[in-house]
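Novice: Got a file for you: work_4.txt, compact mmCIF, C-alpha atoms and all ligand atoms.
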```txt
# COMPACT_ATOMS: atom_id res chain seq x y z
CA MET A 1 11.39 25.75 -20.18
CA VAL A 2 12.02 29.50 -20.01
CA ILE A 3 14.00 30.81 -17.04
CA THR A 4 12.67 34.17 -15.85
CA GLY A 5 13.24 36.42 -12.84
CA LYS A 6 10.52 34.44 -11.03
CA THR A 7 11.91 30.93 -11.59
CA ARG A 8 12.26 28.91 -8.37
CA VAL A 9 15.20 26.55 -8.27
CA TYR A 10 15.10 22.98 -6.97
CA GLY A 11 17.98 20.57 -7.19
CA LEU A 12 19.86 17.41 -6.44
CA PHE A 13 22.91 17.34 -4.15
CA GLY A 14 25.17 14.31 -4.53
CA ASP A 15 28.46 13.07 -5.89
CA PRO A 16 28.25 11.82 -8.60
CA VAL A 17 25.01 13.23 -10.06
CA GLY A 18 25.63 12.90 -13.80
CA HIS A 19 23.71 9.62 -14.12
CA SER A 20 20.61 10.84 -12.25
CA LEU A 21 17.16 10.57 -13.83
CA SER A 22 15.65 13.00 -11.27
CA PRO A 23 16.20 16.19 -13.34
CA LEU A 24 14.27 14.67 -16.26
CA MET A 25 11.48 13.40 -14.00
CA GLN A 26 11.08 16.58 -11.88
CA ASN A 27 11.37 19.06 -14.77
CA THR A 28 8.71 17.05 -16.64
CA ALA A 29 6.43 17.31 -13.59
CA PHE A 30 7.00 21.08 -13.23
CA ALA A 31 6.33 21.56 -16.95
CA PHE A 32 3.09 19.54 -16.68
CA TYR A 33 1.71 22.17 -14.29
CA ASP A 34 3.49 25.04 -16.04
CA PHE A 35 5.11 25.86 -12.70
CA PRO A 36 7.87 28.53 -12.90
CA CYS A 37 10.36 26.06 -11.43
CA CYS A 38 13.45 24.22 -12.58
CA TYR A 39 15.42 21.30 -11.15
CA VAL A 40 19.20 21.26 -11.47
CA PRO A 41 21.85 18.65 -10.51
CA PHE A 42 24.66 19.95 -8.26
CA GLN A 43 27.80 17.90 -7.71
CA VAL A 44 28.53 18.52 -4.01
CA LYS A 45 31.72 17.14 -2.48
CA ARG A 46 31.63 15.70 1.05
CA GLU A 47 33.54 18.64 2.51
CA ASP A 48 31.13 21.15 0.91
CA LEU A 49 27.85 19.69 2.20
CA SER A 50 27.35 22.21 5.00
CA VAL A 51 27.88 25.21 2.66
CA ALA A 52 25.64 23.62 0.03
CA VAL A 53 22.80 23.12 2.54
CA ALA A 54 23.15 26.68 3.83
CA SER A 55 22.86 27.85 0.22
CA ILE A 56 19.34 26.37 -0.06
CA ARG A 57 18.32 29.07 2.42
CA ALA A 58 20.66 31.79 1.14
CA LEU A 59 19.57 31.38 -2.50
CA GLY A 60 15.89 30.88 -1.68
CA MET A 61 15.76 27.47 -3.37
CA GLY A 62 12.47 25.59 -3.01
CA GLY A 63 14.14 22.37 -1.92
CA VAL A 64 16.49 19.61 -2.96
CA ASN A 65 16.86 15.88 -3.24
CA ILE A 66 19.86 14.39 -1.51
CA THR A 67 21.71 11.38 -2.86
CA ILE A 68 24.88 9.35 -2.22
CA PRO A 69 27.09 10.13 -0.28
CA HIS A 70 25.15 12.77 1.72
CA LYS A 71 21.88 11.07 2.77
CA GLU A 72 23.03 10.38 6.34
CA LYS A 73 25.35 13.35 6.96
CA VAL A 74 22.74 15.90 5.86
CA LEU A 75 20.56 15.34 8.95
CA ALA A 76 22.98 17.33 11.14
CA HIS A 77 22.55 20.41 8.90
CA LEU A 78 18.73 20.57 8.88
CA ASP A 79 16.31 22.44 11.18
CA GLN A 80 13.77 19.59 11.41
CA VAL A 81 13.68 15.95 10.38
CA ASP A 82 10.49 13.95 9.82
CA LYS A 83 10.03 10.94 12.14
CA GLU A 84 10.38 8.24 9.44
CA ALA A 85 13.57 9.87 8.08
CA GLU A 86 14.97 10.07 11.60
CA LEU A 87 14.31 6.37 12.23
CA ILE A 88 15.91 5.43 8.90
CA GLY A 89 18.76 7.83 9.67
CA ALA A 90 18.75 9.18 6.11
CA VAL A 91 17.13 12.08 4.24
CA ASN A 92 16.57 12.19 0.48
CA THR A 93 14.31 15.26 0.29
CA VAL A 94 14.67 18.71 1.84
CA VAL A 95 11.85 21.27 1.81
CA ASN A 96 12.61 24.97 2.34
CA ARG A 97 9.64 26.30 4.35
CA ASP A 98 10.38 30.05 4.47
CA GLY A 99 13.94 29.43 5.61
CA LEU A 100 13.18 26.39 7.78
CA LEU A 101 14.87 23.34 6.22
CA VAL A 102 12.87 20.17 6.83
CA GLY A 103 14.17 16.71 5.88
CA TYR A 104 12.13 13.71 4.70
CA ASN A 105 12.85 10.24 3.39
CA THR A 106 10.60 9.40 0.44
CA ASP A 107 12.53 6.24 -0.59
CA GLY A 108 10.75 3.93 1.84
CA ALA A 109 7.36 5.60 1.39
CA GLY A 110 7.90 5.56 -2.40
CA PHE A 111 8.48 1.82 -2.25
CA ILE A 112 5.27 1.34 -0.23
CA ARG A 113 3.26 3.44 -2.68
CA SER A 114 4.63 1.40 -5.58
CA LEU A 115 3.67 -1.81 -3.75
CA GLN A 116 0.16 -0.57 -3.08
CA GLU A 117 -0.62 1.19 -6.36
CA GLU A 118 1.18 -1.08 -8.83
CA ALA A 119 0.80 -4.48 -7.16
CA GLY A 120 -2.28 -3.85 -4.95
CA PHE A 121 -0.24 -5.26 -2.05
CA ASP A 122 -1.08 -4.17 1.52
CA PRO A 123 1.98 -4.82 3.74
CA GLU A 124 0.04 -4.97 7.02
CA GLY A 125 0.50 -8.35 8.74
CA LYS A 126 2.60 -9.78 5.87
CA LYS A 127 5.85 -11.73 6.24
CA VAL A 128 8.72 -10.28 4.23
CA VAL A 129 12.17 -11.44 3.09
CA LEU A 130 14.65 -8.64 2.36
CA LEU A 131 17.96 -9.32 0.53
CA GLY A 132 20.62 -6.70 1.33
CA ALA A 133 21.31 -4.42 4.28
CA GLY A 134 22.58 -1.19 2.68
CA GLY A 135 20.91 2.22 2.43
CA ALA A 136 17.97 1.17 0.22
CA ALA A 137 17.32 -1.95 2.32
CA ARG A 138 17.29 0.20 5.47
CA ALA A 139 14.68 2.60 4.05
CA VAL A 140 12.50 -0.31 2.87
CA ALA A 141 12.88 -2.24 6.18
CA PHE A 142 11.73 0.72 8.29
CA ALA A 143 8.95 1.68 5.88
CA LEU A 144 7.55 -1.89 5.97
CA ALA A 145 7.95 -2.19 9.76
CA LEU A 146 6.18 1.15 10.34
CA ARG A 147 3.27 -0.10 8.21
CA GLY A 148 2.73 -3.14 10.40
CA ILE A 149 4.28 -6.13 8.65
CA GLY A 150 4.16 -9.34 10.68
CA PHE A 151 7.77 -10.53 10.32
CA LEU A 152 10.96 -9.45 8.56
CA TRP A 153 13.91 -11.65 7.58
CA ILE A 154 17.00 -9.76 6.40
CA PHE A 155 19.68 -11.73 4.53
CA ASN A 156 22.95 -10.09 3.51
CA ARG A 157 26.37 -11.04 2.12
CA THR A 158 27.90 -9.60 5.31
CA PRO A 159 25.81 -11.26 8.05
CA ALA A 160 26.77 -8.74 10.77
CA ARG A 161 25.17 -5.89 8.78
CA ALA A 162 21.94 -7.88 8.42
CA GLN A 163 21.91 -8.60 12.16
CA LEU A 164 22.54 -4.93 13.03
CA LEU A 165 19.75 -3.71 10.76
CA ALA A 166 17.35 -6.37 12.04
CA GLN A 167 18.10 -5.41 15.64
CA ASP A 168 17.71 -1.70 14.93
CA VAL A 169 14.34 -2.18 13.20
CA ALA A 170 13.10 -4.43 16.02
CA GLU A 171 14.18 -1.99 18.76
CA LYS A 172 12.77 1.12 17.10
CA THR A 173 9.50 -0.26 15.68
CA GLY A 174 8.68 -3.43 17.66
CA CYS A 175 8.60 -5.47 14.42
CA GLN A 176 9.80 -9.08 14.77
CA THR A 177 12.98 -9.57 12.75
CA ILE A 178 15.86 -11.96 12.04
CA GLY A 179 19.13 -10.96 10.37
CA ALA A 180 21.50 -13.55 8.83
CA GLY A 181 23.89 -14.37 6.00
CA LEU A 182 22.69 -15.43 2.54
CA GLU A 183 22.45 -19.16 3.27
CA ALA A 184 20.23 -21.02 0.81
CA GLU A 185 18.57 -23.20 3.43
CA LEU A 186 17.66 -20.23 5.68
CA VAL A 187 16.38 -18.26 2.70
CA ARG A 188 14.31 -21.24 1.48
CA ASN A 189 12.67 -21.66 4.92
CA ALA A 190 11.85 -17.96 5.15
CA LEU A 191 10.43 -17.84 1.62
CA GLU A 192 8.11 -20.75 2.37
CA GLN A 193 6.42 -18.54 5.00
CA ALA A 194 6.67 -15.17 3.22
CA GLN A 195 4.29 -13.23 0.96
CA LEU A 196 6.87 -10.68 -0.26
CA LEU A 197 10.54 -10.78 -1.35
CA VAL A 198 12.48 -7.53 -1.81
CA HIS A 199 15.90 -7.56 -3.48
CA ALA A 200 17.95 -4.52 -2.36
CA SER A 201 21.49 -5.07 -3.68
CA PRO A 202 22.99 -3.80 -6.96
CA VAL A 203 23.40 -7.35 -8.30
CA GLY A 204 21.84 -7.56 -11.78
CA MET A 205 22.03 -3.81 -12.41
CA TYR A 206 23.11 -2.53 -15.86
CA PRO A 207 25.82 -3.03 -17.18
CA HIS A 208 26.13 -6.19 -15.02
CA HIS A 209 22.64 -7.38 -15.95
CA ASP A 210 23.90 -10.91 -16.72
CA GLU A 211 25.08 -11.49 -13.12
CA GLU A 212 23.59 -14.46 -11.23
CA PRO A 213 20.80 -13.28 -8.89
CA LEU A 214 21.58 -13.42 -5.14
CA ILE A 215 19.16 -16.32 -4.77
CA ASP A 216 18.18 -19.08 -7.13
CA PRO A 217 14.70 -18.24 -8.52
CA LEU A 218 13.87 -21.96 -8.13
CA LEU A 219 13.61 -21.23 -4.37
CA LEU A 220 10.63 -18.95 -4.99
CA PRO A 221 7.15 -20.21 -4.17
CA PRO A 222 4.71 -18.89 -6.82
CA GLU A 223 2.59 -17.13 -4.15
CA VAL A 224 5.42 -14.68 -3.31
CA LEU A 225 5.37 -11.18 -4.81
CA VAL A 226 8.96 -10.49 -5.96
CA CYS A 227 10.26 -6.89 -6.01
CA ASP A 228 13.66 -5.89 -7.34
CA LEU A 229 14.78 -2.39 -6.35
CA VAL A 230 17.06 -2.40 -9.40
CA TYR A 231 15.27 -0.40 -12.12
CA ASN A 232 17.81 -0.68 -14.94
CA PRO A 233 17.02 -3.03 -16.62
CA PRO A 234 13.32 -2.92 -15.64
CA ARG A 235 13.16 -6.73 -16.02
CA THR A 236 16.19 -8.17 -14.18
CA ARG A 237 17.25 -11.81 -14.26
CA LEU A 238 15.72 -12.22 -10.79
CA LEU A 239 12.36 -10.90 -12.03
CA SER A 240 12.45 -13.03 -15.20
CA GLY A 241 13.24 -16.13 -13.14
CA ALA A 242 10.49 -15.26 -10.65
CA ALA A 243 7.94 -14.72 -13.44
CA GLU A 244 8.87 -18.13 -14.90
CA ARG A 245 8.09 -19.64 -11.48
CA GLY A 246 4.63 -18.04 -11.66
CA CYS A 247 5.35 -15.22 -9.16
CA ARG A 248 3.97 -11.71 -9.58
CA VAL A 249 6.89 -9.28 -10.07
CA LEU A 250 7.51 -5.57 -9.45
CA SER A 251 10.44 -3.52 -10.81
CA GLY A 252 12.30 -0.81 -8.85
CA LEU A 253 11.15 1.71 -11.44
CA GLY A 254 7.96 2.22 -9.43
CA MET A 255 9.93 3.06 -6.28
CA LEU A 256 12.05 5.53 -8.27
CA VAL A 257 8.97 7.22 -9.70
CA TYR A 258 7.05 7.37 -6.41
CA GLN A 259 10.00 8.62 -4.32
CA GLY A 260 10.20 11.46 -6.86
CA ALA A 261 6.43 11.93 -6.87
CA LEU A 262 6.35 12.24 -3.08
CA ALA A 263 9.20 14.79 -3.14
CA PHE A 264 7.30 16.80 -5.80
CA GLU A 265 4.16 16.69 -3.65
CA LEU A 266 6.09 17.87 -0.55
CA TRP A 267 7.56 20.79 -2.52
CA THR A 268 4.45 21.91 -4.41
CA GLY A 269 1.43 20.58 -2.49
CA LYS A 270 0.11 19.27 -5.86
CA LYS A 271 -0.52 15.70 -6.92
CA ALA A 272 2.42 14.49 -8.99
CA PRO A 273 1.73 13.48 -12.64
CA VAL A 274 2.91 9.96 -11.88
CA SER A 275 2.18 8.24 -15.19
CA LEU A 276 3.91 11.01 -17.15
CA MET A 277 6.95 10.85 -14.83
CA ARG A 278 7.07 7.09 -15.30
CA SER A 279 6.79 7.24 -19.09
CA VAL A 280 9.67 9.74 -19.50
CA LEU A 281 11.86 7.47 -17.35
CA GLU A 282 10.88 4.39 -19.36
CA GLU A 283 11.70 6.19 -22.62
CA GLN A 284 15.07 7.35 -21.27
CA LEU A 285 15.98 3.86 -19.99
CA SER A 286 15.04 2.21 -23.28
CA ARG A 287 17.12 4.84 -25.18
CA GLN A 288 20.10 4.00 -22.92
CA ALA A 289 19.56 0.25 -23.43
CA SER A 290 19.52 0.56 -27.24
CA ARG A 291 22.85 2.48 -27.36
P1 LIG A 301 24.45 0.14 -0.68
O1 LIG A 301 24.09 1.00 0.46
O2 LIG A 301 25.84 0.24 -1.26
O3 LIG A 301 24.17 -1.39 -0.24
C1 LIG A 301 24.48 -2.43 -1.10
C2 LIG A 301 23.94 -3.75 -0.52
O4 LIG A 301 24.08 -4.74 -1.52
C3 LIG A 301 24.69 -4.25 0.71
O5 LIG A 301 23.81 -4.98 1.50
C4 LIG A 301 25.77 -5.15 0.07
O6 LIG A 301 26.19 -6.19 0.94
C5 LIG A 301 24.97 -5.78 -1.04
N1 LIG A 301 25.84 -6.17 -2.16
C6 LIG A 301 26.55 -5.37 -2.99
N2 LIG A 301 27.19 -6.10 -3.91
C7 LIG A 301 26.90 -7.39 -3.65
C8 LIG A 301 27.29 -8.63 -4.26
N3 LIG A 301 28.10 -8.67 -5.31
N4 LIG A 301 26.80 -9.77 -3.73
C9 LIG A 301 26.00 -9.75 -2.65
N5 LIG A 301 25.58 -8.61 -2.03
C10 LIG A 301 26.05 -7.44 -2.53
O7 LIG A 301 23.48 0.38 -1.92
P2 LIG A 301 21.94 0.86 -1.88
O8 LIG A 301 21.89 2.33 -1.95
O9 LIG A 301 21.27 0.17 -0.75
O10 LIG A 301 21.39 0.33 -3.28
C11 LIG A 301 21.13 -1.03 -3.51
C12 LIG A 301 20.37 -1.20 -4.82
O11 LIG A 301 19.10 -0.60 -4.72
C13 LIG A 301 21.04 -0.57 -6.04
O12 LIG A 301 20.87 -1.43 -7.13
C14 LIG A 301 20.26 0.67 -6.31
O13 LIG A 301 20.21 1.00 -7.69
C15 LIG A 301 18.87 0.22 -5.84
N6 LIG A 301 18.07 1.38 -5.42
C16 LIG A 301 16.92 1.60 -6.09
C17 LIG A 301 16.13 2.65 -5.73
C18 LIG A 301 14.85 2.87 -6.48
O14 LIG A 301 14.29 3.96 -6.39
N7 LIG A 301 14.36 1.87 -7.19
C19 LIG A 301 16.50 3.50 -4.69
C20 LIG A 301 17.69 3.25 -4.01
C21 LIG A 301 18.49 2.18 -4.40
P3 LIG A 301 27.40 -5.99 1.99
O15 LIG A 301 26.79 -5.39 3.23
O16 LIG A 301 27.92 -7.37 2.20
O17 LIG A 301 28.40 -5.07 1.32
```
Rewrite the coordinates I just gave you, this time as structure tokens.
Specialist:
Amino acid sequence: MVITGKTRVYGLFGDPVGHSLSPLMQNTAFAFYDFPCCYVPFQVKREDLSVAVASIRALGMGGVNITIPHKEKVLAHLDQVDKEAELIGAVNTVVNRDGLLVGYNTDGAGFIRSLQEEAGFDPEGKKVVLLGAGGAARAVAFALALRGIGFLWIFNRTPARAQLLAQDVAEKTGCQTIGAGLEAELVRNALEQAQLLVHASPVGMYPHHDEEPLIDPLLLPPEVLVCDLVYNPPRTRLLSGAAERGCRVLSGLGMLVYQGALAFELWTGKKAPVSLMRSVLEEQLSRQASR
């Protein structure tokens, strides 16, 4: 990529940012269209968030992605926030519309697009079990509830967090929910009624890929579609165990690709080159794994 006087800068604000795959994915997408744009990671400390957001406007940047630890705090610094992002209470994409900074959350919508396009799964009316109640679980819970699922069970190591999230989703969307601790009997009962399981904790993520999954895969009925938001490794122990049970499985790589694709589409108005974005990520992850 050649930087010229006309290059438009996009970026990632977070701390840390060194591990992020977004620069690779977004610069590949810009290069595909030969757009005069580049995407740069910026390590932004908590105390510098307000100055960093003001700089999007001051420097005429096209937009940014926002990652940990700023996804919630950034809302207070934006001019407008999209309804889904407001409900989730977190923004991962900012678009600079001629100086107006608008926030979106493409994590939840990216997960839904991965479900629909990669697994052909329509969430409407379905019963869903969600493991975890952190930031990713929150985005997925609201995205599913807003798309009309029939019931949502949330199980988490800290039961109070699951109950709070379940209550929040129910109050704001009208979806029927239950939040509880990770008790095998409760999870087994829920799974017997569910069509979809989503794992949203870091358990099983590289370099701890040998960790026991949060639930025993033997609890999984073969009819359940099993999604792990962990994308490294692409085939986690949970997904291997689920596949052995005869379940269809979906890796978190799709969510990662589609949240990036949706951000690209918000910034450029062009359809993202999804398969190219996915293949550069797969290559990068397999290079990391072979080191
Ligand atoms: P987070 O906000 O820190 O939440 C972590 C969640 O996992 C909490 O519910 C926590 O339970 C639970 N947890 C953590 N360690 C656990 C353990 N040892 N045993 C049981 N539960 C445990 O993290 P997050 O941002 O939601 O991310 C969660 C996972 O999703 C990560 O693996 C991340 O890589 C993945 N993710 C993927 C994508 C994607 O695009 N595919 C996007 C975002 C996140 P407590 O409440 O009890 O602490």
Novice: Which neighbours of A:Asp210 fall inside 9 Å, counting only C-alpha atoms, when residues of the same chain fewer than 6 positions from it are skipped, and could you give them as a ChimeraX atom specification?
Specialist: /A:204,236-237
Novice: Enumerate, in order of chain and increasing residue number, the residues of chain A with an atom no farther than 7 Å from ligand LIG 301 (chain A), each with its shortest atom pair and distance in Å to one decimal, counting all atoms listed in the file, as JSON lines.
Specialist:
```
{"residue": "A:Asp107", "atom": "CA", "partner": "A:LIG301", "partner_atom": "C19", "distance": 6.3}
{"residue": "A:Gly132", "atom": "CA", "partner": "A:LIG301", "partner_atom": "O5", "distance": 3.6}
{"residue": "A:Ala133", "atom": "CA", "partner": "A:LIG301", "partner_atom": "O5", "distance": 3.8}
{"residue": "A:Gly134", "atom": "CA", "partner": "A:LIG301", "partner_atom": "O3", "distance": 3.3}
{"residue": "A:Gly135", "atom": "CA", "partner": "A:LIG301", "partner_atom": "O9", "distance": 3.8}
{"residue": "A:Ala136", "atom": "CA", "partner": "A:LIG301", "partner_atom": "O9", "distance": 3.6}
{"residue": "A:Ala137", "atom": "CA", "partner": "A:LIG301", "partner_atom": "O9", "distance": 5.4}
{"residue": "A:Asn156", "atom": "CA", "partner": "A:LIG301", "partner_atom": "O5", "distance": 5.6}
{"residue": "A:Arg157", "atom": "CA", "partner": "A:LIG301", "partner_atom": "O16", "distance": 4.0}
{"residue": "A:Thr158", "atom": "CA", "partner": "A:LIG301", "partner_atom": "O16", "distance": 3.8}
{"residue": "A:Arg161", "atom": "CA", "partner": "A:LIG301", "partner_atom": "O15", "distance": 5.8}
{"residue": "A:Ala200", "atom": "CA", "partner": "A:LIG301", "partner_atom": "O11", "distance": 4.7}
{"residue": "A:Ser201", "atom": "CA", "partner": "A:LIG301", "partner_atom": "O4", "distance": 3.4}
{"residue": "A:Pro202", "atom": "CA", "partner": "A:LIG301", "partner_atom": "O12", "distance": 3.2}
{"residue": "A:Val203", "atom": "CA", "partner": "A:LIG301", "partner_atom": "N3", "distance": 5.7}
{"residue": "A:Met205", "atom": "CA", "partner": "A:LIG301", "partner_atom": "O12", "distance": 5.9}
{"residue": "A:Leu214", "atom": "CA", "partner": "A:LIG301", "partner_atom": "C9", "distance": 6.3}
{"residue": "A:Leu229", "atom": "CA", "partner": "A:LIG301", "partner_atom": "N7", "distance": 4.4}
{"residue": "A:Val230", "atom": "CA", "partner": "A:LIG301", "partner_atom": "O12", "distance": 4.5}
{"residue": "A:Tyr231", "atom": "CA", "partner": "A:LIG301", "partner_atom": "N7", "distance": 5.5}
{"residue": "A:Gly252", "atom": "CA", "partner": "A:LIG301", "partner_atom": "N7", "distance": 3.8}
{"residue": "A:Leu253", "atom": "CA", "partner": "A:LIG301", "partner_atom": "N7", "distance": 5.3}
{"residue": "A:Gly254", "atom": "CA", "partner": "A:LIG301", "partner_atom": "N7", "distance": 6.8}
{"residue": "A:Met255", "atom": "CA", "partner": "A:LIG301", "partner_atom": "O14", "distance": 4.5}
{"residue": "A:Leu256", "atom": "CA", "partner": "A:LIG301", "partner_atom": "O14", "distance": 3.3}
{"residue": "A:Gln259", "atom": "CA", "partner": "A:LIG301", "partner_atom": "O14", "distance": 6.7}
```
Novice: Tell me which of A:Glu171, A:Arg138, A:Phe155, A:Leu239 sits closest to A:Glu185, counting only C-alpha atoms.
Specialist: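 Answer, going by the shortest atom-to-atom distance: A:Phe155.
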Novice: Pick out the closest residue to A:Gln288 from this set: A:Ile178, A:Thr28, A:Gly103, A:Pro233. Count all atoms listed in the file.
Specialist: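 Among the listed residues, A:Pro233 lies closest to A:Gln288.
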Novice: Env of A:Leu266: 10 Å cut, atoms = all atoms listed in the file, seq-sep filter 5 positions within chain, self excluded. Answer as a list in words.
Specialist: Gly63, Thr93, Val94, Val95, Tyr104, Thr106, Gly260, Ala261, Lys271 and Ala272 of chain A
Novice: Hey, which bits of stretch 69-165 of chain A sit within 9 Å of stretch 42-51 of chain A, and for each residue what's the closest pair of atoms and how far apart in Å (one decimal), counting all atoms listed in the file, rows by chain and increasing number, as CSV?
Specialist:
```
residue,atom,partner,partner_atom,distance
A:Pro69,CA,A:Arg46,CA,7.3
A:His70,CA,A:Arg46,CA,7.1
A:Lys73,CA,A:Leu49,CA,8.3
A:Val74,CA,A:Leu49,CA,7.3
A:Ala76,CA,A:Ser50,CA,9.0
A:His77,CA,A:Ser50,CA,6.4
```
Novice: Output C-alpha atoms for every residue in the selection just made, as a short mmCIF file (atom, residue, chain, number, x, y, z; two decimals), keeping the file's coordinate frame.
Specialist:
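Resulting contents of again.cif:
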```
data_model
loop_
_atom_site.label_atom_id
_atom_site.label_comp_id
_atom_site.auth_asym_id
_atom_site.auth_seq_id
_atom_site.Cartn_x
_atom_site.Cartn_y
_atom_site.Cartn_z
CA PRO A 69 27.09 10.13 -0.28
CA HIS A 70 25.15 12.77 1.72
CA LYS A 73 25.35 13.35 6.96
CA VAL A 74 22.74 15.90 5.86
CA ALA A 76 22.98 17.33 11.14
CA HIS A 77 22.55 20.41 8.90
#
```
Novice: Box for stretch 210-229 of chain A - axis-aligned, 4 Å on each of the six sides, all listed atoms - centre and size in Å to one decimal, as JSON.
Specialist:
```
{"center_x": 13.8, "center_y": -12.2, "center_z": -10.0, "size_x": 30.5, "size_y": 27.6, "size_z": 21.4}
```
Novice: For A:Met25, list every protein, DNA or RNA residue within 9 Å, evaluated using all atoms listed in the file, and leave out those in the same chain fewer than 4 positions away; present the list as a list in words.
Specialist: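 My list of contacting residues is Leu21, Ala29, Phe30, Val257, Gly260, Ala261, Leu276, Met277, Arg278, Val280 and Leu281 of chain A.
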Novice: Please compute the atom CA of A:Ile56-atom CA of A:Cys37 distance, one decimal, in Å.
Specialist: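 According to the coordinates, atom CA of A:Ile56 and atom CA of A:Cys37 are separated by 14.5 Å.
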